[in-house]
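Here the structure is laid out as structure tokens; the discussion comes afterwards.
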Amino acid sequence: IGALTFVLAVKCIQTDTAIVPQMVDGLSAPVYAMAVLAYPLIDTLRVFTLRISKGLSPFVADRKHIHHKLIDRGFSHAQTAIILYVVCVVVPIISMFFGGVNPTITFFGMFAISFLVVNAVFLLPRKKPKKIFSGAK
């Protein structure tokens, strides 16, 4: 999935601007491609930073990724997937509102917005574990 997303982002950058829809006309293609890749890029950078800050190899396996954190907070795999799908759709939609703005400003603005949106999942409340009926005492 990651390789496919990367290929599509590169194709987005290489697309002739004469054939893009009017609603994205003026939007910087590299900024939009980065918005599409925001979740995996920010999650990877976040985890690498956490690992390096603890003196570990950035390539060592752990449960620091956002999807692990959501599951650890009590969300099911399906709920976690839906939350992350929403994040991956919201960030590129937000980037479309920056058409016509200086691409450098847009890039840093989108990075900040992406960082906030991706990390906003940590603000979701912890779900209480379901009580399992243990039968008569």
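FYI, nothing fancy with the structure tokens labels: chains A, B, ... in order, residues from 1 per chain, ligands from 1 as they appear.
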Find the residues of range 52-98 of chain A that sit at most 10 Å from range 105-124 of chain A; for each, write down the nearest two atoms and how far apart they are in Å, to one decimal. Count only C-alpha atoms. Sort by chain, then by number going up, and give it as JSON lines.
{"residue": "A:Ile66", "atom": "CA", "partner": "A:Val121", "partner_atom": "CA", "distance": 7.9}
{"residue": "A:His67", "atom": "CA", "partner": "A:Val121", "partner_atom": "CA", "distance": 9.4}
{"residue": "A:Lys69", "atom": "CA", "partner": "A:Phe122", "partner_atom": "CA", "distance": 7.9}
{"residue": "A:Leu70", "atom": "CA", "partner": "A:Val121", "partner_atom": "CA", "distance": 7.5}
{"residue": "A:Arg73", "atom": "CA", "partner": "A:Leu124", "partner_atom": "CA", "distance": 8.6}
{"residue": "A:Phe75", "atom": "CA", "partner": "A:Leu124", "partner_atom": "CA", "distance": 9.9}
{"residue": "A:Thr80", "atom": "CA", "partner": "A:Val121", "partner_atom": "CA", "distance": 9.7}
{"residue": "A:Ile83", "atom": "CA", "partner": "A:Val121", "partner_atom": "CA", "distance": 7.9}
{"residue": "A:Leu84", "atom": "CA", "partner": "A:Val118", "partner_atom": "CA", "distance": 8.3}
{"residue": "A:Val87", "atom": "CA", "partner": "A:Val118", "partner_atom": "CA", "distance": 6.6}
{"residue": "A:Cys88", "atom": "CA", "partner": "A:Val118", "partner_atom": "CA", "distance": 8.7}
{"residue": "A:Val90", "atom": "CA", "partner": "A:Val117", "partner_atom": "CA", "distance": 8.5}
{"residue": "A:Val91", "atom": "CA", "partner": "A:Ser114", "partner_atom": "CA", "distance": 6.1}
{"residue": "A:Pro92", "atom": "CA", "partner": "A:Met110", "partner_atom": "CA", "distance": 9.0}
{"residue": "A:Ile94", "atom": "CA", "partner": "A:Met110", "partner_atom": "CA", "distance": 8.1}
{"residue": "A:Ser95", "atom": "CA", "partner": "A:Met110", "partner_atom": "CA", "distance": 6.5}
{"residue": "A:Phe97", "atom": "CA", "partner": "A:Thr106", "partner_atom": "CA", "distance": 9.8}
{"residue": "A:Phe98", "atom": "CA", "partner": "A:Thr106", "partner_atom": "CA", "distance": 6.4}
Emit the selected residues as a short mmCIF file (atom, residue, chain, number, x, y, z; two decimals), in the first residue's frame, including all heavy atoms.
data_model
loop_
_atom_site.label_atom_id
_atom_site.label_comp_id
_atom_site.auth_asym_id
_atom_site.auth_seq_id
_atom_site.Cartn_x
_atom_site.Cartn_y
_atom_site.Cartn_z
N ILE A 66 1.02 5.09 15.62
CA ILE A 66 -0.28 5.63 16.01
C ILE A 66 -1.34 4.54 16.02
O ILE A 66 -2.18 4.51 16.93
CB ILE A 66 -0.66 6.82 15.10
CG1 ILE A 66 0.30 7.98 15.36
CG2 ILE A 66 -2.10 7.25 15.34
CD1 ILE A 66 0.17 9.14 14.40
N HIS A 67 -1.33 3.65 15.05
CA HIS A 67 -2.36 2.60 15.04
C HIS A 67 -2.23 1.69 16.25
O HIS A 67 -3.24 1.26 16.82
CB HIS A 67 -2.36 1.81 13.73
CG HIS A 67 -1.14 1.02 13.47
ND1 HIS A 67 0.00 1.58 12.93
CD2 HIS A 67 -0.86 -0.28 13.69
CE1 HIS A 67 0.92 0.65 12.82
NE2 HIS A 67 0.44 -0.49 13.27
N LYS A 69 -1.10 2.69 19.19
CA LYS A 69 -1.56 3.50 20.31
C LYS A 69 -3.08 3.53 20.39
O LYS A 69 -3.66 3.50 21.48
CB LYS A 69 -1.00 4.93 20.23
CG LYS A 69 0.51 5.00 20.38
CD LYS A 69 0.90 4.53 21.76
CE LYS A 69 2.38 4.67 21.99
NZ LYS A 69 2.77 4.16 23.30
N LEU A 70 -3.75 3.61 19.23
CA LEU A 70 -5.21 3.61 19.22
C LEU A 70 -5.76 2.26 19.70
O LEU A 70 -6.72 2.21 20.48
CB LEU A 70 -5.74 3.94 17.82
CG LEU A 70 -5.57 5.39 17.40
CD1 LEU A 70 -5.92 5.56 15.93
CD2 LEU A 70 -6.43 6.31 18.25
N ARG A 73 -5.51 2.01 23.29
CA ARG A 73 -6.49 2.86 23.97
C ARG A 73 -7.87 2.20 24.00
O ARG A 73 -8.81 2.78 24.51
CB ARG A 73 -6.57 4.22 23.32
CG ARG A 73 -5.33 5.07 23.53
CD ARG A 73 -5.44 6.39 22.79
NE ARG A 73 -6.14 7.40 23.54
CZ ARG A 73 -5.59 8.22 24.42
NH1 ARG A 73 -4.30 8.13 24.65
NH2 ARG A 73 -6.30 9.12 25.04
N PHE A 75 -9.56 0.91 21.13
CA PHE A 75 -10.28 0.89 19.86
C PHE A 75 -10.05 -0.45 19.16
O PHE A 75 -8.97 -1.03 19.26
CB PHE A 75 -9.81 2.04 18.95
CG PHE A 75 -10.21 3.39 19.46
CD1 PHE A 75 -9.35 4.14 20.24
CD2 PHE A 75 -11.45 3.92 19.15
CE1 PHE A 75 -9.71 5.38 20.72
CE2 PHE A 75 -11.83 5.16 19.62
CZ PHE A 75 -10.96 5.90 20.42
N THR A 80 -9.94 1.68 14.51
CA THR A 80 -8.64 2.29 14.26
C THR A 80 -8.46 2.58 12.78
O THR A 80 -8.01 3.67 12.40
CB THR A 80 -7.51 1.37 14.77
OG1 THR A 80 -7.66 1.21 16.18
CG2 THR A 80 -6.14 1.93 14.46
N ILE A 83 -10.63 5.60 11.78
CA ILE A 83 -10.05 6.85 12.27
C ILE A 83 -8.89 7.28 11.37
O ILE A 83 -8.79 8.44 10.96
CB ILE A 83 -9.58 6.71 13.74
CG1 ILE A 83 -10.78 6.58 14.67
CG2 ILE A 83 -8.70 7.88 14.15
CD1 ILE A 83 -10.42 6.12 16.08
N LEU A 84 -8.01 6.35 11.04
CA LEU A 84 -6.85 6.68 10.22
C LEU A 84 -7.24 6.97 8.77
O LEU A 84 -6.63 7.82 8.12
CB LEU A 84 -5.80 5.59 10.32
CG LEU A 84 -5.21 5.44 11.72
CD1 LEU A 84 -4.20 4.31 11.77
CD2 LEU A 84 -4.60 6.74 12.22
N VAL A 87 -8.35 10.55 8.81
CA VAL A 87 -7.16 11.43 8.84
C VAL A 87 -6.55 11.52 7.45
O VAL A 87 -6.21 12.62 6.98
CB VAL A 87 -6.13 10.92 9.87
CG1 VAL A 87 -4.79 11.63 9.71
CG2 VAL A 87 -6.65 11.10 11.28
N CYS A 88 -6.41 10.39 6.78
CA CYS A 88 -5.77 10.37 5.45
C CYS A 88 -6.61 11.05 4.38
O CYS A 88 -6.08 11.43 3.34
CB CYS A 88 -5.47 8.93 5.04
SG CYS A 88 -4.14 8.20 5.99
N VAL A 90 -8.90 13.73 5.30
CA VAL A 90 -9.07 15.12 5.75
C VAL A 90 -7.88 15.99 5.38
O VAL A 90 -8.05 17.13 4.92
CB VAL A 90 -9.34 15.16 7.27
CG1 VAL A 90 -9.19 16.56 7.83
CG2 VAL A 90 -10.73 14.62 7.57
N VAL A 91 -6.67 15.49 5.56
CA VAL A 91 -5.47 16.31 5.32
C VAL A 91 -5.38 16.75 3.85
O VAL A 91 -5.18 17.95 3.59
CB VAL A 91 -4.20 15.60 5.80
CG1 VAL A 91 -2.96 16.36 5.39
CG2 VAL A 91 -4.24 15.44 7.32
N PRO A 92 -5.54 15.87 2.86
CA PRO A 92 -5.51 16.35 1.47
C PRO A 92 -6.67 17.31 1.14
O PRO A 92 -6.48 18.24 0.36
CB PRO A 92 -5.62 15.07 0.63
CG PRO A 92 -5.10 14.00 1.51
CD PRO A 92 -5.50 14.39 2.89
N ILE A 94 -8.00 19.46 3.23
CA ILE A 94 -7.58 20.74 3.79
C ILE A 94 -6.57 21.42 2.87
O ILE A 94 -6.61 22.63 2.66
CB ILE A 94 -6.99 20.57 5.21
CG1 ILE A 94 -8.09 20.17 6.19
CG2 ILE A 94 -6.31 21.85 5.68
CD1 ILE A 94 -7.57 19.76 7.56
N SER A 95 -5.66 20.61 2.28
CA SER A 95 -4.63 21.20 1.41
C SER A 95 -5.23 21.86 0.18
O SER A 95 -4.63 22.77 -0.39
CB SER A 95 -3.61 20.14 0.99
OG SER A 95 -4.14 19.28 0.01
N PHE A 97 -7.62 23.87 0.08
CA PHE A 97 -8.00 25.25 0.40
C PHE A 97 -6.81 26.21 0.30
O PHE A 97 -6.98 27.41 0.44
CB PHE A 97 -8.62 25.32 1.80
CG PHE A 97 -9.94 24.63 1.88
CD1 PHE A 97 -10.05 23.42 2.55
CD2 PHE A 97 -11.06 25.16 1.27
CE1 PHE A 97 -11.26 22.76 2.63
CE2 PHE A 97 -12.28 24.50 1.34
CZ PHE A 97 -12.38 23.31 2.02
N PHE A 98 -5.62 25.68 0.06
CA PHE A 98 -4.43 26.51 -0.02
C PHE A 98 -4.02 26.82 -1.46
O PHE A 98 -2.91 27.28 -1.70
CB PHE A 98 -3.25 25.85 0.70
CG PHE A 98 -3.36 25.90 2.19
CD1 PHE A 98 -3.91 24.84 2.90
CD2 PHE A 98 -2.93 27.01 2.88
CE1 PHE A 98 -4.01 24.89 4.27
CE2 PHE A 98 -3.02 27.07 4.26
CZ PHE A 98 -3.56 26.00 4.96
#
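Here the question is which of A:Leu4, A:Ala29, A:Ile82, A:Leu37 gets nearest to Asp16 in chain A using only C-alpha atoms, and that residue is A:Ala29.
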Subject >> Shell around Asp43 in chain A at 8 Å using only C-alpha atoms, local window under 2 positions removed, as a list in words >> reply: Tyr39, Pro40, Leu41, Leu45, Arg46, Val47, His65, Ile66 and Val118 of chain A
Limited to N, CA and C atoms, could you put the picked residues into a file as a PDB file, in the first residue's frame?
ATOM      1  N   TYR A  39       0.197  11.268   6.709  1.00  0.00           N
ATOM      2  CA  TYR A  39       0.102  10.325   7.823  1.00  0.00           C
ATOM      3  C   TYR A  39       1.301   9.385   7.890  1.00  0.00           C
ATOM      4  N   PRO A  40       1.635   8.676   6.796  1.00  0.00           N
ATOM      5  CA  PRO A  40       2.785   7.768   6.928  1.00  0.00           C
ATOM      6  C   PRO A  40       4.098   8.497   7.199  1.00  0.00           C
ATOM      7  N   LEU A  41       4.274   9.679   6.603  1.00  0.00           N
ATOM      8  CA  LEU A  41       5.522  10.423   6.835  1.00  0.00           C
ATOM      9  C   LEU A  41       5.630  10.895   8.280  1.00  0.00           C
ATOM     10  N   LEU A  45       8.342   9.591  11.012  1.00  0.00           N
ATOM     11  CA  LEU A  45       9.265  10.553  11.633  1.00  0.00           C
ATOM     12  C   LEU A  45       9.082  10.581  13.148  1.00  0.00           C
ATOM     13  N   ARG A  46       7.849  10.526  13.618  1.00  0.00           N
ATOM     14  CA  ARG A  46       7.543  10.548  15.039  1.00  0.00           C
ATOM     15  C   ARG A  46       8.159   9.333  15.735  1.00  0.00           C
ATOM     16  N   VAL A  47       7.954   8.154  15.160  1.00  0.00           N
ATOM     17  CA  VAL A  47       8.463   6.928  15.770  1.00  0.00           C
ATOM     18  C   VAL A  47       9.989   6.890  15.726  1.00  0.00           C
ATOM     19  N   HIS A  65       3.743   3.176  16.972  1.00  0.00           N
ATOM     20  CA  HIS A  65       2.990   3.751  15.852  1.00  0.00           C
ATOM     21  C   HIS A  65       1.592   4.144  16.313  1.00  0.00           C
ATOM     22  N   ILE A  66       1.021   5.094  15.621  1.00  0.00           N
ATOM     23  CA  ILE A  66      -0.278   5.631  16.011  1.00  0.00           C
ATOM     24  C   ILE A  66      -1.343   4.539  16.024  1.00  0.00           C
ATOM     25  N   VAL A 118      -2.755  14.465  12.651  1.00  0.00           N
ATOM     26  CA  VAL A 118      -2.269  13.101  12.893  1.00  0.00           C
ATOM     27  C   VAL A 118      -2.122  12.848  14.391  1.00  0.00           C
TER      28      VAL A 118
END
